[in-house]
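Enquirer: Let me give you the structure first, and then I'll get to my questions.
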Amino acid sequence: MSRIGNRILPIPAGVNVEILASEVKITGKLGTLNIPFDSSKIVVLNKESKIIVKRNNEEKQTKMLHGTTNANIKNALVGVNEGHTKKLKITGVGYKAAVSGSNVNLNLGYSHPVSVAIPQGINVTCPQATEIVITGADKAVVGQLAAVIRSKREPEPYKGKGVMYSDEQIIRKVGKTAEGSKK
């Protein structure tokens with residue numbers, strides 16, 4: 001009984017869905033995404049502007065693919081219609097970010113600036129020097145770019161400096177001197 005796999009996905013207005021032999025091609029105002037699936041285990045149907053994902057058998061691998069395929073198609077439907085967004089914030093003295101061409105330039109306290117390439121189809125903006133907003137149609141690529149930028153200086157628990165997601169909570173630790181002197 002897969003709740004996620006059995007979801008019926010409505011197709012938004014302005015989105016075109018084409019089901020091929022082993023992939024689903026979804027086209028919308030923000031681009032085109034191809035979602036592959038194993039056609040020997042999963043069946044994808046388009047009935048009355050709704051997408052239905054069914055599985056052919058009850059094997060464990062097929063059950064796992066059932067929910068994954070449904071979730072990937074749902075993410076693509078949302079992505080080509082509305083887009084996906086990740087926001088990062090930078091904390092630290094002198095830490096900042098700027099977009100130049102197809103790169104994100106980061107000053108993160110190292111002796112050199114760090115540059116991260118922006119993949120095709122992804123839009124990156126810096127409304128402030130300490131904020132990065134990543135938008136795009138493909139949820140996996142948006143999340144991967146955000147994770148790569150965050151990995152350049154992960155937030156540390158003592159002062160909270162580094163690159164973090166805007167909704168991330170850092171669990172702070174007390175330093176050695178804060179515990180009190182033992183005399």
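By order of appearance in the structure tokens: chains A, B, ..., then residues from 1 within every chain, and ligands from 1 in the order shown.
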List the spatial neighbours of Arg7 in chain A as number ranges by chain - criterion: any atom at most 8 Å away, only C-alpha atoms, same-chain residues fewer than 3 positions off excluded.

Expert: A: 3-4, 52-53, 70

Enquirer: Enumerate, as a PDB file with C-alpha atoms, in the first residue's frame, the complete set of residues in range 3-182 of chain A that a backbone-based DSSP assignment places in alpha helix (DSSP H).

Expert:
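The resulting file, out15.pdb, is shown below:
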ATOM      1  CA  LYS A  60      10.012  -4.978  -3.078  1.00  0.00           C
ATOM      2  CA  GLN A  61      12.034  -3.226  -5.817  1.00  0.00           C
ATOM      3  CA  THR A  62       8.871  -2.486  -7.800  1.00  0.00           C
ATOM      4  CA  LYS A  63       7.154  -1.031  -4.730  1.00  0.00           C
ATOM      5  CA  MET A  64      10.133   1.284  -4.150  1.00  0.00           C
ATOM      6  CA  LEU A  65      10.150   2.423  -7.780  1.00  0.00           C
ATOM      7  CA  HIS A  66       6.394   3.048  -7.648  1.00  0.00           C
ATOM      8  CA  GLY A  67       6.611   5.845  -5.092  1.00  0.00           C
ATOM      9  CA  THR A  68       9.861   7.243  -6.481  1.00  0.00           C
ATOM     10  CA  THR A  69       8.478   7.509 -10.014  1.00  0.00           C
ATOM     11  CA  ASN A  70       5.322   9.219  -8.777  1.00  0.00           C
ATOM     12  CA  ALA A  71       7.345  11.712  -6.701  1.00  0.00           C
ATOM     13  CA  ASN A  72       9.703  12.482  -9.605  1.00  0.00           C
ATOM     14  CA  ILE A  73       6.772  13.151 -11.950  1.00  0.00           C
ATOM     15  CA  LYS A  74       5.091  15.395  -9.348  1.00  0.00           C
ATOM     16  CA  ASN A  75       8.332  17.378  -8.867  1.00  0.00           C
ATOM     17  CA  ALA A  76       8.628  17.808 -12.644  1.00  0.00           C
ATOM     18  CA  LEU A  77       5.010  18.998 -12.948  1.00  0.00           C
ATOM     19  CA  VAL A  78       5.578  21.632 -10.259  1.00  0.00           C
ATOM     20  CA  GLY A  79       8.992  22.547 -11.672  1.00  0.00           C
ATOM     21  CA  VAL A  80       7.954  23.300 -15.250  1.00  0.00           C
ATOM     22  CA  ASN A  81       4.886  25.231 -14.068  1.00  0.00           C
ATOM     23  CA  LYS A 139      14.307  20.107  -8.219  1.00  0.00           C
ATOM     24  CA  ALA A 140      17.290  17.746  -8.077  1.00  0.00           C
ATOM     25  CA  VAL A 141      19.638  20.187  -9.847  1.00  0.00           C
ATOM     26  CA  VAL A 142      18.490  23.126  -7.685  1.00  0.00           C
ATOM     27  CA  GLY A 143      19.034  21.105  -4.510  1.00  0.00           C
ATOM     28  CA  GLN A 144      22.404  19.802  -5.691  1.00  0.00           C
ATOM     29  CA  LEU A 145      23.708  23.309  -6.468  1.00  0.00           C
ATOM     30  CA  ALA A 146      22.526  24.542  -3.062  1.00  0.00           C
ATOM     31  CA  ALA A 147      24.296  21.607  -1.367  1.00  0.00           C
ATOM     32  CA  VAL A 148      27.530  22.259  -3.296  1.00  0.00           C
ATOM     33  CA  ILE A 149      27.529  25.958  -2.332  1.00  0.00           C
ATOM     34  CA  ARG A 150      26.768  25.059   1.312  1.00  0.00           C
ATOM     35  CA  SER A 151      29.608  22.511   1.357  1.00  0.00           C
TER      36      SER A 151
END

Enquirer: Can you list, as a CSV table (one decimal) with N, CA and C atoms, in the first residue's frame, every protein, DNA or RNA residue that comes within 10 Å of Val93 in chain A when you count only C-alpha atoms, leaving out same-chain residues fewer than 4 positions away?

Expert:
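And here is the file that came out, result_15.csv:
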chain,number,residue,atom,x,y,z
A,108,LEU,N,34.6,33.4,1.6
A,108,LEU,CA,34.2,32.6,2.8
A,108,LEU,C,35.3,32.5,3.8
A,109,GLY,N,36.2,33.5,3.9
A,109,GLY,CA,37.2,33.5,4.9
A,109,GLY,C,38.5,32.7,4.5
A,161,LYS,N,29.0,30.6,12.0
A,161,LYS,CA,29.5,31.1,10.8
A,161,LYS,C,29.5,30.1,9.7
A,162,GLY,N,29.2,30.6,8.5
A,162,GLY,CA,29.2,29.7,7.3
A,162,GLY,C,28.0,29.9,6.4

Enquirer: Nearest residue to Asp38 in chain A out of A:Met164, A:Ile122, A:Pro157, A:Ala21, using only C-alpha atoms?

Expert: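 Comparing A:Met164, A:Ile122, A:Pro157, A:Ala21 against Asp38 in chain A, the winner is A:Ala21.
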
Enquirer: Between A:Ser39, A:Thr130, A:Ser111, A:Ser2, which has the minimum distance to Lys89 in chain A (counting only C-alpha atoms)?

Expert: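 Selected residue with least distance to Lys89 in chain A: A:Thr130.
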
Enquirer: When you draw a straight line from CA of Thr125 in chain A to CA of Lys87 in chain A, how long is it in Å?

Expert: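 Calculated distance between CA of Thr125 in chain A and CA of Lys87 in chain A is 9.8 Å.
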
Enquirer: Could you state the separation of CA of Val124 in chain A and CA of Leu30 in chain A in Å, given to one decimal place?

Expert: 14.8 Å

Enquirer: My list of candidates is A:Pro127, A:Pro119, A:Gly83, A:Pro155. Which is closest to Thr32 in chain A when distances are computed with only C-alpha atoms?

Expert: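 Closest to Thr32 in chain A of all the choices is A:Gly83.
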
Enquirer: I'd like the neighbourhood of Gly31 in chain A as a list in words, where a residue qualifies if any of its atoms comes within 7 Å (using only C-alpha atoms), though same-chain residues fewer than 2 positions away should be ignored.

Expert: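 The filter keeps Thr27, Gly28, Lys29, Leu33, Val80 and Ala137 of chain A.
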
Enquirer: Using DSSP on the backbone coordinates, identify all residues within range 72-154 of chain A classified as strand (DSSP E or B); present the result as a PyMOL selection string.

Expert: chain A and resi 84-91+96-100+103-107+114-117+122-125+131-136

Enquirer: Rounded to one decimal place, report the CA of Arg153 in chain A-CA of Leu88 in chain A distance in Å.

Expert: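 For CA of Arg153 in chain A relative to CA of Leu88 in chain A, the distance reads 11.9 Å.
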
Enquirer: I need the residue nearest Leu9 in chain A from this list: A:Ala98, A:Ala129, A:Leu45, A:Ile134. Use only C-alpha atoms for the distance.

Expert: A:Leu45

Enquirer: At a cut-off of 12 Å, using only C-alpha atoms, what residues contact Pro113 in chain A? Leave out same-chain residues fewer than 2 positions from it and give the result as a list in words.

Expert: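 Those residues are Gly94, Tyr95, Lys96, Ala97, Ala98, Asn103, Val104, Asn105, Leu106, Asn107, Leu108, Gly109, Tyr110, Ser111, Ser115, Val116, Lys152 and Arg153 of chain A.
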
Enquirer: Would you mind telling me which residue in A:Lys173, A:His84, A:Lys54, A:Lys47 lies nearest to Val17 in chain A when using only C-alpha atoms?

Expert: A:Lys47
